[in-house]
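Chemist: Supplied structure: final_9.cif, mmCIF, C-alpha atoms.
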data_protein
loop_
_atom_site.label_atom_id
_atom_site.label_comp_id
_atom_site.auth_asym_id
_atom_site.auth_seq_id
_atom_site.Cartn_x
_atom_site.Cartn_y
_atom_site.Cartn_z
CA MET A 754 0.00 0.00 0.00
CA PHE A 755 2.84 2.33 0.89
CA LYS A 756 4.56 1.64 -2.45
CA LYS A 757 1.34 2.31 -4.36
CA MET A 758 0.84 5.59 -2.50
CA THR A 759 4.43 6.62 -3.18
CA MET A 760 4.05 5.80 -6.87
CA PHE A 761 0.80 7.77 -7.01
CA LEU A 762 2.44 10.81 -5.43
CA LEU A 763 5.36 10.61 -7.86
CA VAL A 764 3.01 10.43 -10.83
CA LEU A 765 0.98 13.31 -9.42
CA ALA A 766 4.11 15.40 -8.93
CA LEU A 767 5.24 14.61 -12.46
CA VAL A 768 1.87 15.63 -13.89
CA PHE A 769 1.92 18.82 -11.85
CA THR A 770 5.43 19.64 -13.06
CA VAL A 771 4.56 19.04 -16.70
CA ASN A 772 1.37 21.08 -16.42
CA ALA A 773 3.20 23.88 -14.67
CA GLY A 774 5.76 23.88 -17.47
CA VAL A 775 3.02 24.05 -20.08
CA MET A 776 1.35 26.88 -18.20
CA ALA A 777 4.65 28.75 -17.98
CA GLN A 778 5.19 28.31 -21.69
CA ASP A 779 1.67 29.56 -22.39
CA GLU A 780 2.15 32.72 -20.34
CA VAL A 781 2.02 35.78 -22.58
CA THR A 782 3.48 39.15 -21.64
CA GLU A 783 1.31 41.98 -22.92
CA ILE A 784 3.04 45.23 -23.85
CA GLN A 785 1.96 48.41 -25.65
CA LEU A 786 3.64 50.66 -28.20
CA LEU A 787 2.54 54.30 -28.43
CA ILE A 788 3.70 55.93 -31.64
CA GLY A 789 2.61 58.96 -33.67
CA LYS A 790 3.44 58.07 -37.27
CA PRO A 791 0.07 58.26 -39.05
CA GLU A 792 1.76 58.22 -42.45
CA ILE A 793 2.78 54.57 -41.89
CA ALA A 794 -0.20 53.47 -39.78
CA GLU A 795 -1.01 50.44 -41.95
CA GLN A 796 2.62 49.35 -42.10
CA LEU A 797 2.90 49.58 -38.31
CA GLU A 798 -0.17 47.39 -37.90
CA SER A 799 1.39 44.83 -40.23
CA MET A 800 4.64 44.96 -38.28
CA VAL A 801 2.84 44.31 -34.97
CA GLU A 802 1.05 41.33 -36.50
CA ALA A 803 4.33 39.93 -37.83
CA PHE A 804 6.08 40.39 -34.48
CA ASN A 805 3.27 38.69 -32.56
CA ASN A 806 3.33 35.78 -35.01
CA GLU A 807 7.07 35.31 -34.54
CA ASN A 808 7.05 35.85 -30.75
CA LYS A 809 4.29 33.76 -29.23
CA ASP A 810 5.18 34.66 -25.63
CA ILE A 811 4.65 38.41 -26.23
CA GLU A 812 1.49 40.23 -27.26
CA LEU A 813 2.30 43.69 -28.64
CA GLU A 814 -0.53 46.19 -28.91
CA LEU A 815 -0.25 49.32 -31.05
CA ILE A 816 -1.59 52.57 -29.59
CA PRO A 817 -1.67 55.32 -32.24
CA LEU A 818 -1.24 58.91 -31.17
CA ALA A 819 -4.00 59.76 -33.67
CA GLY A 820 -3.15 63.43 -34.09
CA GLN A 821 -3.19 64.23 -30.39
CA ASN A 822 -0.60 66.45 -28.74
CA ALA A 823 2.15 64.02 -27.74
CA TYR A 824 3.21 65.77 -24.55
CA GLN A 825 -0.37 66.03 -23.27
CA ARG A 826 -1.07 62.38 -24.13
CA PHE A 827 2.06 61.16 -22.34
CA THR A 828 1.27 63.31 -19.31
CA SER A 829 -2.31 62.05 -19.15
CA MET A 830 -1.35 58.37 -19.46
CA TYR A 831 1.32 58.64 -16.78
CA ALA A 832 -1.06 60.50 -14.46
CA SER A 833 -3.67 57.76 -14.83
CA GLY A 834 -1.14 54.99 -14.22
CA ASN A 835 -1.49 53.65 -17.77
CA ALA A 836 1.89 54.46 -19.25
CA PRO A 837 2.64 52.43 -22.41
CA THR A 838 5.56 50.02 -22.21
CA ILE A 839 7.27 51.43 -25.31
CA ILE A 840 6.87 55.08 -26.26
CA ASN A 841 8.01 56.88 -29.37
CA MET A 842 9.17 60.24 -27.94
CA GLY A 843 10.47 63.40 -29.57
CA SER A 844 11.61 66.43 -27.61
CA GLU A 845 9.24 65.26 -24.83
CA ILE A 846 11.83 62.68 -23.81
CA ASN A 847 13.64 65.30 -21.75
CA GLU A 848 10.51 65.88 -19.63
CA PHE A 849 10.06 62.16 -18.88
CA SER A 850 13.73 61.15 -18.68
CA ASP A 851 13.61 60.10 -15.03
CA ARG A 852 10.82 57.59 -15.75
CA LEU A 853 12.53 55.76 -18.60
CA LEU A 854 14.55 52.54 -18.61
CA ASP A 855 18.29 52.44 -19.10
CA LEU A 856 18.89 50.65 -22.42
CA SER A 857 22.69 50.88 -22.31
CA GLY A 858 23.21 47.16 -21.83
CA MET A 859 21.38 46.14 -25.00
CA LYS A 860 23.51 44.58 -27.73
CA ILE A 861 21.94 46.77 -30.41
CA THR A 862 23.51 49.86 -28.82
CA ASP A 863 26.82 48.59 -30.26
CA TYR A 864 25.41 49.25 -33.74
CA LEU A 865 24.38 52.87 -33.12
CA VAL A 866 25.56 55.56 -35.48
CA GLU A 867 27.58 57.99 -33.36
CA ASP A 868 25.61 60.60 -31.39
CA THR A 869 22.16 59.42 -32.48
CA GLU A 870 21.04 58.05 -29.10
CA TYR A 871 19.50 60.07 -26.25
CA ASN A 872 21.51 60.09 -23.03
CA TYR A 873 20.41 60.95 -19.50
CA GLN A 874 22.81 60.80 -16.54
CA ASP A 875 25.24 58.60 -18.51
CA LYS A 876 22.45 56.20 -19.47
CA ILE A 877 20.96 55.57 -22.91
CA ILE A 878 17.22 56.09 -22.47
CA GLY A 879 16.33 56.68 -26.13
CA LEU A 880 17.25 54.70 -29.25
CA PRO A 881 16.89 56.60 -32.56
CA LEU A 882 13.73 55.85 -34.52
CA THR A 883 15.34 56.79 -37.84
CA VAL A 884 17.21 59.55 -39.61
CA GLU A 885 14.84 62.01 -41.24
CA ALA A 886 15.20 65.15 -43.29
CA PHE A 887 12.99 67.97 -44.44
CA GLY A 888 13.23 70.72 -47.01
CA LEU A 889 11.79 71.36 -50.44
CA ILE A 890 10.90 67.99 -51.94
CA TYR A 891 10.73 68.21 -55.72
CA ASN A 892 9.08 65.98 -58.30
CA LYS A 893 12.03 65.01 -60.48
CA ASN A 894 9.75 64.01 -63.35
CA VAL A 895 8.27 67.54 -63.49
CA ILE A 896 11.72 69.15 -63.33
CA ASN A 897 12.93 66.98 -66.21
CA GLU A 898 9.87 67.78 -68.32
CA VAL A 899 10.17 71.54 -67.79
CA PHE A 900 13.96 71.98 -67.90
CA GLY A 901 15.22 68.86 -69.65
CA ALA A 902 16.89 65.71 -68.35
CA ASP A 903 20.36 67.35 -68.27
CA TYR A 904 19.27 70.18 -65.94
CA ASP A 905 20.93 70.05 -62.50
CA ILE A 906 18.39 71.36 -59.98
CA SER A 907 20.89 70.87 -57.12
CA GLN A 908 22.74 73.99 -58.29
CA VAL A 909 19.80 76.18 -57.24
CA ASN A 910 20.89 77.64 -53.90
CA THR A 911 19.58 81.21 -53.71
CA ARG A 912 16.13 82.74 -53.39
CA SER A 913 16.33 84.51 -56.74
CA GLU A 914 17.30 81.27 -58.49
CA LEU A 915 14.43 79.46 -56.81
CA GLU A 916 12.02 82.18 -57.91
CA ALA A 917 13.24 81.82 -61.50
CA VAL A 918 12.57 78.08 -61.30
CA PHE A 919 9.09 78.70 -59.89
CA THR A 920 8.32 81.18 -62.69
CA GLU A 921 9.33 78.77 -65.45
CA ILE A 922 7.38 75.89 -63.90
CA GLU A 923 4.24 78.02 -63.68
CA ALA A 924 4.72 79.06 -67.31
CA ALA A 925 4.65 75.36 -68.20
CA GLY A 926 1.20 75.06 -66.63
CA VAL A 927 2.22 73.37 -63.36
CA SER A 928 1.85 74.79 -59.85
CA ALA A 929 5.30 75.63 -58.54
CA VAL A 930 4.68 74.64 -54.93
CA THR A 931 2.05 73.23 -52.63
CA LEU A 932 2.34 74.55 -49.08
CA SER A 933 0.90 72.55 -46.19
CA PRO A 934 -0.42 74.71 -43.32
CA MET A 935 -0.26 72.21 -40.42
CA ASP A 936 1.17 73.77 -37.26
CA TRP A 937 3.73 70.98 -36.83
CA SER A 938 5.06 71.50 -40.35
CA LEU A 939 5.28 75.28 -40.03
CA GLY A 940 6.01 75.59 -36.32
CA ALA A 941 8.49 72.73 -35.88
CA HIS A 942 10.06 72.22 -39.30
CA LEU A 943 9.90 75.47 -41.23
CA SER A 944 10.93 77.42 -38.12
CA ASN A 945 13.87 75.06 -37.61
CA ILE A 946 15.62 76.48 -40.66
CA MET A 947 15.62 80.00 -39.21
CA PHE A 948 17.17 78.85 -35.92
CA ALA A 949 19.61 76.35 -37.47
CA ALA A 950 20.92 78.82 -40.08
CA GLN A 951 21.87 81.42 -37.46
CA SER A 952 25.41 80.06 -37.23
CA GLU A 953 27.63 77.16 -38.25
CA SER A 954 28.65 77.01 -34.59
CA THR A 955 26.55 74.69 -32.40
CA GLU A 956 27.34 76.81 -29.36
CA GLU A 957 26.22 80.02 -31.07
CA ARG A 958 22.99 78.44 -32.34
CA HIS A 959 22.01 77.29 -28.88
CA GLN A 960 23.03 80.62 -27.41
CA PHE A 961 20.59 82.21 -29.85
CA LEU A 962 17.78 80.04 -28.41
CA GLU A 963 18.64 81.16 -24.90
CA GLU A 964 18.70 84.81 -25.93
CA MET A 965 15.32 84.37 -27.63
CA ASN A 966 13.90 83.03 -24.40
CA LYS A 967 15.31 85.99 -22.49
CA GLY A 968 13.88 88.48 -24.98
CA GLU A 969 17.34 89.68 -25.98
CA ILE A 970 16.89 89.16 -29.74
CA LYS A 971 15.26 91.77 -31.96
CA LEU A 972 14.11 89.64 -34.88
CA SER A 973 13.30 92.57 -37.12
CA GLU A 974 17.04 93.30 -37.19
CA ASN A 975 18.11 89.68 -37.62
CA GLU A 976 19.35 89.07 -41.17
CA VAL A 977 18.65 85.32 -41.18
CA PHE A 978 15.12 85.79 -39.84
CA ASN A 979 14.29 88.40 -42.47
CA GLY A 980 15.72 86.26 -45.28
CA TRP A 981 13.88 83.18 -44.01
CA LEU A 982 10.62 85.13 -43.98
CA GLU A 983 11.20 86.49 -47.50
CA THR A 984 11.53 82.93 -48.78
CA PHE A 985 8.30 82.03 -46.98
CA ASP A 986 6.68 84.98 -48.80
CA LEU A 987 7.97 83.52 -52.07
CA LEU A 988 6.42 80.12 -51.31
CA ALA A 989 3.16 81.81 -50.35
CA GLU A 990 3.14 83.80 -53.60
CA TYR A 991 3.50 80.66 -55.74
CA ASN A 992 1.39 78.43 -53.47
CA ALA A 993 -1.12 76.30 -55.39
CA HIS A 994 -3.65 77.19 -52.65
CA GLN A 995 -2.97 80.90 -52.54
CA SER A 996 -6.68 81.79 -52.47
CA SER A 997 -7.32 79.57 -49.41
CA PRO A 998 -3.93 78.81 -47.87
CA LEU A 999 -5.20 77.21 -44.64
CA SER A 1000 -7.56 74.76 -46.31
CA PRO A 1001 -5.21 72.13 -47.80
CA THR A 1002 -4.66 68.88 -45.96
CA TYR A 1003 -1.53 66.75 -45.81
CA ASP A 1004 -3.13 64.24 -48.20
CA ASP A 1005 -3.92 67.00 -50.71
CA ALA A 1006 -0.22 67.78 -51.06
CA VAL A 1007 0.69 64.09 -51.38
CA LEU A 1008 -1.61 63.79 -54.40
CA GLU A 1009 -0.51 67.08 -55.95
CA LEU A 1010 3.22 66.31 -55.76
CA ALA A 1011 2.96 62.64 -56.74
CA ASN A 1012 0.67 63.36 -59.68
CA GLY A 1013 2.85 66.18 -60.97
CA GLU A 1014 0.26 68.88 -60.30
CA ALA A 1015 2.84 70.70 -58.16
CA ALA A 1016 6.63 70.63 -58.52
CA PHE A 1017 7.67 71.34 -54.90
CA TRP A 1018 6.39 70.61 -51.41
CA PHE A 1019 7.98 71.70 -48.15
CA MET A 1020 7.94 68.43 -46.23
CA GLY A 1021 10.07 65.53 -44.99
CA ASN A 1022 10.96 62.09 -46.28
CA TRP A 1023 8.40 60.51 -43.94
CA ALA A 1024 5.90 61.31 -46.72
CA LEU A 1025 7.52 58.81 -49.10
CA PRO A 1026 5.20 55.86 -48.30
CA GLN A 1027 2.12 57.90 -49.26
CA LEU A 1028 3.83 59.34 -52.33
CA LYS A 1029 4.69 55.82 -53.48
CA GLU A 1030 1.10 54.70 -52.95
CA VAL A 1031 -0.03 57.34 -55.44
CA SER A 1032 2.76 56.76 -57.98
CA GLN A 1033 5.47 54.12 -57.95
CA GLU A 1034 7.22 55.60 -60.97
CA THR A 1035 7.73 59.18 -59.78
CA GLU A 1036 11.18 60.11 -58.50
CA TYR A 1037 11.95 62.77 -55.90
CA GLY A 1038 14.81 64.76 -54.44
CA PHE A 1039 15.53 67.44 -51.88
CA LEU A 1040 16.42 71.08 -52.39
CA PRO A 1041 17.45 73.40 -49.53
CA TYR A 1042 15.17 76.23 -48.41
CA PRO A 1043 17.35 79.28 -49.26
CA ILE A 1044 17.54 82.14 -46.78
CA SER A 1045 19.34 84.68 -49.00
CA ASN A 1046 20.69 85.46 -52.46
CA ASN A 1047 24.27 84.69 -51.46
CA PRO A 1048 25.06 81.10 -52.50
CA ASP A 1049 27.77 80.89 -49.85
CA ASP A 1050 25.51 81.71 -46.91
CA TYR A 1051 25.12 78.92 -44.36
CA GLY A 1052 21.74 77.28 -44.88
CA ASN A 1053 21.51 77.79 -48.63
CA ASN A 1054 23.20 74.49 -49.42
CA GLU A 1055 21.97 72.42 -46.48
CA ILE A 1056 18.83 70.50 -45.55
CA SER A 1057 17.67 69.72 -42.02
CA VAL A 1058 18.74 66.19 -41.07
CA GLY A 1059 18.41 64.58 -37.68
CA VAL A 1060 16.78 62.07 -35.38
CA PRO A 1061 13.09 62.98 -35.11
CA SER A 1062 12.23 60.78 -32.15
CA TYR A 1063 13.36 57.89 -30.02
CA TRP A 1064 12.30 54.43 -28.89
CA ALA A 1065 11.94 54.68 -25.11
CA VAL A 1066 10.83 52.07 -22.56
CA ASP A 1067 8.87 52.97 -19.44
CA GLU A 1068 10.49 51.97 -16.15
CA SER A 1069 8.24 53.62 -13.55
CA GLN A 1070 4.97 51.77 -14.27
CA SER A 1071 5.95 48.61 -16.17
CA THR A 1072 6.99 45.25 -14.71
CA GLN A 1073 10.38 43.63 -15.28
CA ALA A 1074 8.70 41.08 -17.56
CA GLU A 1075 7.19 43.89 -19.64
CA GLN A 1076 10.54 45.69 -19.81
CA LYS A 1077 12.22 42.47 -20.95
CA ALA A 1078 9.55 41.98 -23.63
CA ALA A 1079 9.99 45.58 -24.81
CA LYS A 1080 13.72 44.99 -25.25
CA GLU A 1081 12.98 41.82 -27.20
CA PHE A 1082 10.77 43.79 -29.56
CA LEU A 1083 13.45 46.44 -30.16
CA ASN A 1084 16.06 43.74 -30.72
CA TRP A 1085 13.74 41.97 -33.20
CA LEU A 1086 13.08 45.21 -35.10
CA ILE A 1087 16.77 46.11 -35.48
CA THR A 1088 18.36 42.67 -35.99
CA SER A 1089 15.84 40.26 -37.50
CA GLU A 1090 15.32 39.85 -41.24
CA THR A 1091 11.61 40.60 -40.85
CA GLY A 1092 12.19 43.67 -38.70
CA GLN A 1093 14.79 45.12 -41.05
CA ASP A 1094 12.49 44.54 -44.02
CA PHE A 1095 9.75 46.58 -42.33
CA TYR A 1096 12.25 49.27 -41.38
CA ILE A 1097 13.69 49.80 -44.84
CA ASN A 1098 11.16 48.59 -47.39
CA GLN A 1099 7.84 49.38 -45.71
CA PHE A 1100 8.54 52.27 -43.33
CA ASN A 1101 11.11 53.76 -45.74
CA PHE A 1102 13.28 54.60 -42.74
CA ILE A 1103 16.97 55.47 -42.96
CA PRO A 1104 18.43 53.45 -40.06
CA ALA A 1105 20.67 54.98 -37.43
CA PHE A 1106 22.19 51.53 -36.85
CA ASN A 1107 25.09 50.16 -38.91
CA ASN A 1108 24.17 46.46 -38.75
CA PHE A 1109 21.47 46.53 -41.43
CA GLU A 1110 21.87 44.00 -44.23
CA ILE A 1111 19.73 46.11 -46.59
CA SER A 1112 19.74 49.82 -47.40
CA PRO A 1113 17.23 52.30 -48.84
CA GLN A 1114 17.04 52.25 -52.64
CA ASP A 1115 14.67 55.17 -53.30
CA ASN A 1116 15.80 58.52 -54.74
CA LEU A 1117 14.61 60.60 -51.80
CA SER A 1118 16.63 58.60 -49.26
CA ASN A 1119 19.64 58.70 -51.56
CA SER A 1120 19.23 62.46 -51.82
CA ILE A 1121 19.38 62.74 -48.02
CA MET A 1122 22.43 60.50 -47.79
CA SER A 1123 24.16 62.63 -50.42
CA TYR A 1124 23.68 65.75 -48.28
CA MET A 1125 24.92 63.79 -45.25
CA ASP A 1126 28.00 62.47 -47.09
CA ASN A 1127 28.93 66.01 -48.14
CA GLY A 1128 28.36 67.46 -44.68
CA ASN A 1129 25.56 69.70 -45.95
CA THR A 1130 23.13 69.29 -43.06
CA LEU A 1131 21.38 71.60 -40.62
CA GLU A 1132 20.82 70.67 -36.99
CA TRP A 1133 17.33 69.80 -35.79
CA MET A 1134 17.03 72.75 -33.43
CA ASN A 1135 13.35 71.95 -32.88
CA ASN A 1136 14.44 69.09 -30.61
CA TYR A 1137 15.41 71.82 -28.15
CA TYR A 1138 12.22 73.87 -28.31
CA PRO A 1139 10.44 73.95 -24.95
CA SER A 1140 7.22 71.88 -24.91
CA GLY A 1141 4.31 73.70 -26.48
CA TYR A 1142 6.36 76.23 -28.42
CA PHE A 1143 6.05 74.79 -31.91
CA PRO A 1144 2.20 74.85 -31.98
CA ASP A 1145 2.29 78.54 -31.02
CA MET A 1146 4.91 79.37 -33.66
CA GLY A 1147 2.87 77.35 -36.14
CA ALA A 1148 -0.26 79.32 -35.28
CA ALA A 1149 1.62 82.60 -35.82
CA LEU A 1150 2.84 81.41 -39.24
CA GLN A 1151 -0.69 80.30 -40.16
CA LYS A 1152 -2.04 83.78 -39.40
CA TYR A 1153 0.72 85.37 -41.46
CA LEU A 1154 0.18 82.94 -44.35
CA ALA A 1155 -3.55 83.67 -44.38
CA GLY A 1156 -3.04 87.43 -44.31
CA TYR A 1157 -4.39 87.95 -40.80
CA ALA A 1158 -1.10 89.48 -39.67
CA ASP A 1159 1.45 91.66 -41.48
CA GLN A 1160 5.20 91.20 -41.17
CA GLU A 1161 5.53 93.47 -38.14
CA GLN A 1162 2.65 91.80 -36.31
CA PHE A 1163 3.95 88.33 -37.12
CA THR A 1164 7.46 89.19 -35.96
CA GLN A 1165 6.08 90.43 -32.64
CA GLU A 1166 3.85 87.39 -32.17
CA PHE A 1167 6.72 85.05 -33.02
CA THR A 1168 8.88 86.86 -30.46
CA ASN A 1169 6.13 86.65 -27.84
CA VAL A 1170 6.07 82.86 -28.10
CA TRP A 1171 9.61 82.83 -26.70
CA THR A 1172 9.34 85.60 -24.16
CA LYS A 1173 5.90 84.83 -22.66
#
Step by step, read the file and then write its structure as structure tokens.
Modeler:
Amino acid sequence: MFKKMTMFLLVLALVFTVNAGVMAQDEVTEIQLLIGKPEIAEQLESMVEAFNNENKDIELELIPLAGQNAYQRFTSMYASGNAPTIINMGSEINEFSDRLLDLSGMKITDYLVEDTEYNYQDKIIGLPLTVEAFGLIYNKNVINEVFGADYDISQVNTRSELEAVFTEIEAAGVSAVTLSPMDWSLGAHLSNIMFAAQSESTEERHQFLEEMNKGEIKLSENEVFNGWLETFDLLAEYNAHQSSPLSPTYDDAVLELANGEAAFWFMGNWALPQLKEVSQETEYGFLPYPISNNPDDYGNNEISVGVPSYWAVDESQSTQAEQKAAKEFLNWLITSETGQDFYINQFNFIPAFNNFEISPQDNLSNSIMSYMDNGNTLEWMNNYYPSGYFPDMGAALQKYLAGYADQEQFTQEFTNVWTK
């Protein structure tokens, strides 16, 4: 009887152990990714599905920002105790730095392109999403049709030369430029050129920001500001939506540029997926936004290139299991064949990691890399704007674009954003 009881207990223990192992294997760690890239929303959904299929022990949920103010959304989610596990953060990362996980020990940090990560107290708390650029995107097909295949548009590096190009394009029956009025495009990206072109010196550029905040800069006497605004006047004059400049949507400009209805669009390479959806055959390139008629002036030969945002992992409200799963996702995205395919071929990202087996093949990405190879890049000064500043600068530019403020009123309102 004793032997039978012992055998029964052994069998029971074995069954319990096996079942426990099965249960452990079936445990799924649920994590969330909050990201604000509406232009690749469908591709992100596909990526999440692919990751979940390849990683059965992790369930990744995508939370789109859906046009909401990122800083306010992050603040609200943290306040309610519902912080996402992985967050795509821009300049907001500085505000939340003490709540984010140290990613320094991850193997993928060995592949980082120099100075593309975000550091806090000697810890890496942000991994670069991609390298992005913005400036005047041109439809190469339109340029070739108007000027001929041998014409070198890259030689245009002054305002007067750009105006001559606009005039000839309009004479050919094509709108020279489509200008998108979104506050993030005007307030974060267009404004960046004015701040970045102030000096070739990093120290002097950042000193300019500080002096703006202290009210020590008189913009009406600033040569770069005045030249930057004159070029904006030029774009407004040739804008395809001159009669109703605040009405166009982002998607309107995608269609106009891709279909050859407009030759130029002030935007960034993040628009490439939508442009390719409209036309696979059209080729594109970048042209700098000139701030003067002197071809040698800093800013006339450069486009804005930088890291737009970072992959960050929450530490303050997520469990260790969730943090481990978040790292596994980032590792999968940067090192796996599937992840790299999404990164390059579907997101059209330019990676800030040097381990990628594939590289971008499109003309727009190659245009960016050409500027980078030649050292013709402007810093992303908008990464250093205080939270909430770019919407206010964008609103001021919208009023000026629509004719609700003259140059003097706009200059004062723009100044007030920094001194309020």
Chemist: Quick one, how far is CA of Pro817 (chain A) from CA of Pro1061 (chain A)?
Modeler: 16.9 Å
Chemist: Here is a test: counting all atoms listed in the file, which residue of A:Tyr824, A:Trp1023, A:Tyr1157, A:Phe978 is nearest to Ile1103 (chain A)?
Modeler: A:Trp1023
Chemist: Give me the result of the PyMOL selection byres ((chain A and resi 866) around 12) on this file, residue by residue, as a PDB file with C-alpha atoms, in the frame of the given file.
Modeler:
ATOM      1  CA  ILE A 861      21.940  46.770 -30.410  1.00  0.00           C
ATOM      2  CA  THR A 862      23.510  49.860 -28.820  1.00  0.00           C
ATOM      3  CA  ASP A 863      26.820  48.590 -30.260  1.00  0.00           C
ATOM      4  CA  TYR A 864      25.410  49.250 -33.740  1.00  0.00           C
ATOM      5  CA  LEU A 865      24.380  52.870 -33.120  1.00  0.00           C
ATOM      6  CA  GLU A 867      27.580  57.990 -33.360  1.00  0.00           C
ATOM      7  CA  ASP A 868      25.610  60.600 -31.390  1.00  0.00           C
ATOM      8  CA  THR A 869      22.160  59.420 -32.480  1.00  0.00           C
ATOM      9  CA  GLU A 870      21.040  58.050 -29.100  1.00  0.00           C
ATOM     10  CA  TYR A 871      19.500  60.070 -26.250  1.00  0.00           C
ATOM     11  CA  LEU A 880      17.250  54.700 -29.250  1.00  0.00           C
ATOM     12  CA  PRO A 881      16.890  56.600 -32.560  1.00  0.00           C
ATOM     13  CA  LEU A 882      13.730  55.850 -34.520  1.00  0.00           C
ATOM     14  CA  THR A 883      15.340  56.790 -37.840  1.00  0.00           C
ATOM     15  CA  VAL A 884      17.210  59.550 -39.610  1.00  0.00           C
ATOM     16  CA  GLY A1059      18.410  64.580 -37.680  1.00  0.00           C
ATOM     17  CA  VAL A1060      16.780  62.070 -35.380  1.00  0.00           C
ATOM     18  CA  ILE A1103      16.970  55.470 -42.960  1.00  0.00           C
ATOM     19  CA  PRO A1104      18.430  53.450 -40.060  1.00  0.00           C
ATOM     20  CA  ALA A1105      20.670  54.980 -37.430  1.00  0.00           C
ATOM     21  CA  PHE A1106      22.190  51.530 -36.850  1.00  0.00           C
ATOM     22  CA  ASN A1107      25.090  50.160 -38.910  1.00  0.00           C
ATOM     23  CA  ASN A1108      24.170  46.460 -38.750  1.00  0.00           C
ATOM     24  CA  PHE A1109      21.470  46.530 -41.430  1.00  0.00           C
TER      25      PHE A1109
END
Chemist: Determine the residue membership of the PyMOL selection byres ((chain A and resi 827) around 12) for the file above and supply it as a PyMOL selection string.
Modeler: chain A and resi 787-789+816+818+821-826+828-843+845-846+848-849+852+1067
Chemist: What does the distance between CA of Ala1155 (chain A) and CA of Gln995 (chain A) come to in Å, to one decimal place?
Modeler: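 Answer for the CA of Ala1155 (chain A) to CA of Gln995 (chain A) separation: 8.6 Å.
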Chemist: My list of candidates is A:Val801, A:Val1170, A:Val918, A:Leu856. Which is closest to Asp905 (chain A) when distances are computed with only C-alpha atoms?
Modeler: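 Using only C-alpha atoms, the shortest distance to Asp905 (chain A) belongs to A:Val918.
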Chemist: Excluding Phe961 (chain A) and residues on its chain fewer than 4 positions from it, collect all residues at most 8 Å away from it, counting only C-alpha atoms, and give them as a VMD selection string.
Modeler: chain A and resid 948 951 957 965 970
Chemist: List every protein, DNA or RNA residue that has at least one atom no more than 9 Å from (8.6, 69.4, -45.8) in the file's coordinates, counting all atoms listed in the file, and write the result as a list in words.
Modeler: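 It turns out the residues near that spot are Ala886, Phe887, Gly888, Leu889, Ile890, Leu932, Ser933, Ser938, Leu939, His942, Leu943, Trp1018, Phe1019, Met1020, Gly1021, Asn1022 and Ala1024 of chain A.
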Chemist: Nearest to Gln874 (chain A): which of A:Gly901, A:Tyr891, A:Ile1087, A:Asn847 is it, counting only C-alpha atoms?
Modeler: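 When distances to Gln874 (chain A) are compared using only C-alpha atoms, the smallest one comes from A:Asn847.
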Chemist: Enclose all atoms of region 1014-1018 of chain A listed in the file in an axis-aligned box, grow every side by 6 Å, and hand back centre and edge lengths in Å to one decimal, as lines of an AutoDock Vina configuration file.
Modeler:
center_x = 4.0
center_y = 70.1
center_z = -55.9
size_x = 19.4
size_y = 14.5
size_z = 20.9
Chemist: Skip Ile784 (chain A) itself and residues of its chain fewer than 6 positions away, then list as a PDB file with C-alpha atoms, in the coordinates of the input all residues within 7 Å of it, counting all atoms listed in the file.
Modeler:
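What ended up in out.pdb:
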ATOM      1  CA  GLU A 812       1.490  40.230 -27.260  1.00  0.00           C
ATOM      2  CA  LEU A 813       2.300  43.690 -28.640  1.00  0.00           C
ATOM      3  CA  GLU A 814      -0.530  46.190 -28.910  1.00  0.00           C
ATOM      4  CA  THR A 838       5.560  50.020 -22.210  1.00  0.00           C
ATOM      5  CA  GLU A1075       7.190  43.890 -19.640  1.00  0.00           C
TER       6      GLU A1075
END
Chemist: For each of A:Tyr1142, A:Asn1136, A:Phe1082, A:Ile793, take the minimum atom-to-atom distance to Ala819 (chain A), counting all atoms listed in the file, then give the residue where this is smallest.
Modeler: A:Ile793
Chemist: Need the shell around Ser799 (chain A): protein/DNA/RNA residues with any atom at most 12 Å away, counting only C-alpha atoms. Skip same-chain ones fewer than 3 positions apart. Format as a list in words?
Modeler: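 Near neighbours after the sequence-gap exclusion: Ile793, Ala794, Glu795, Gln796, Glu802, Ala803, Phe804, Asn805, Asn806, Leu813, Glu814, Leu815, Thr1091, Gly1092, Asp1094, Phe1095, Tyr1096, Gln1099 and Phe1100 of chain A.
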Chemist: Can you write just those residues out, C-alpha atoms, as a PDB file, keeping the file's coordinate frame?
Modeler:
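And here's out-v9.pdb as it stands now:
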ATOM      1  CA  ILE A 793       2.780  54.570 -41.890  1.00  0.00           C
ATOM      2  CA  ALA A 794      -0.200  53.470 -39.780  1.00  0.00           C
ATOM      3  CA  GLU A 795      -1.010  50.440 -41.950  1.00  0.00           C
ATOM      4  CA  GLN A 796       2.620  49.350 -42.100  1.00  0.00           C
ATOM      5  CA  GLU A 802       1.050  41.330 -36.500  1.00  0.00           C
ATOM      6  CA  ALA A 803       4.330  39.930 -37.830  1.00  0.00           C
ATOM      7  CA  PHE A 804       6.080  40.390 -34.480  1.00  0.00           C
ATOM      8  CA  ASN A 805       3.270  38.690 -32.560  1.00  0.00           C
ATOM      9  CA  ASN A 806       3.330  35.780 -35.010  1.00  0.00           C
ATOM     10  CA  LEU A 813       2.300  43.690 -28.640  1.00  0.00           C
ATOM     11  CA  GLU A 814      -0.530  46.190 -28.910  1.00  0.00           C
ATOM     12  CA  LEU A 815      -0.250  49.320 -31.050  1.00  0.00           C
ATOM     13  CA  THR A1091      11.610  40.600 -40.850  1.00  0.00           C
ATOM     14  CA  GLY A1092      12.190  43.670 -38.700  1.00  0.00           C
ATOM     15  CA  ASP A1094      12.490  44.540 -44.020  1.00  0.00           C
ATOM     16  CA  PHE A1095       9.750  46.580 -42.330  1.00  0.00           C
ATOM     17  CA  TYR A1096      12.250  49.270 -41.380  1.00  0.00           C
ATOM     18  CA  GLN A1099       7.840  49.380 -45.710  1.00  0.00           C
ATOM     19  CA  PHE A1100       8.540  52.270 -43.330  1.00  0.00           C
TER      20      PHE A1100
END
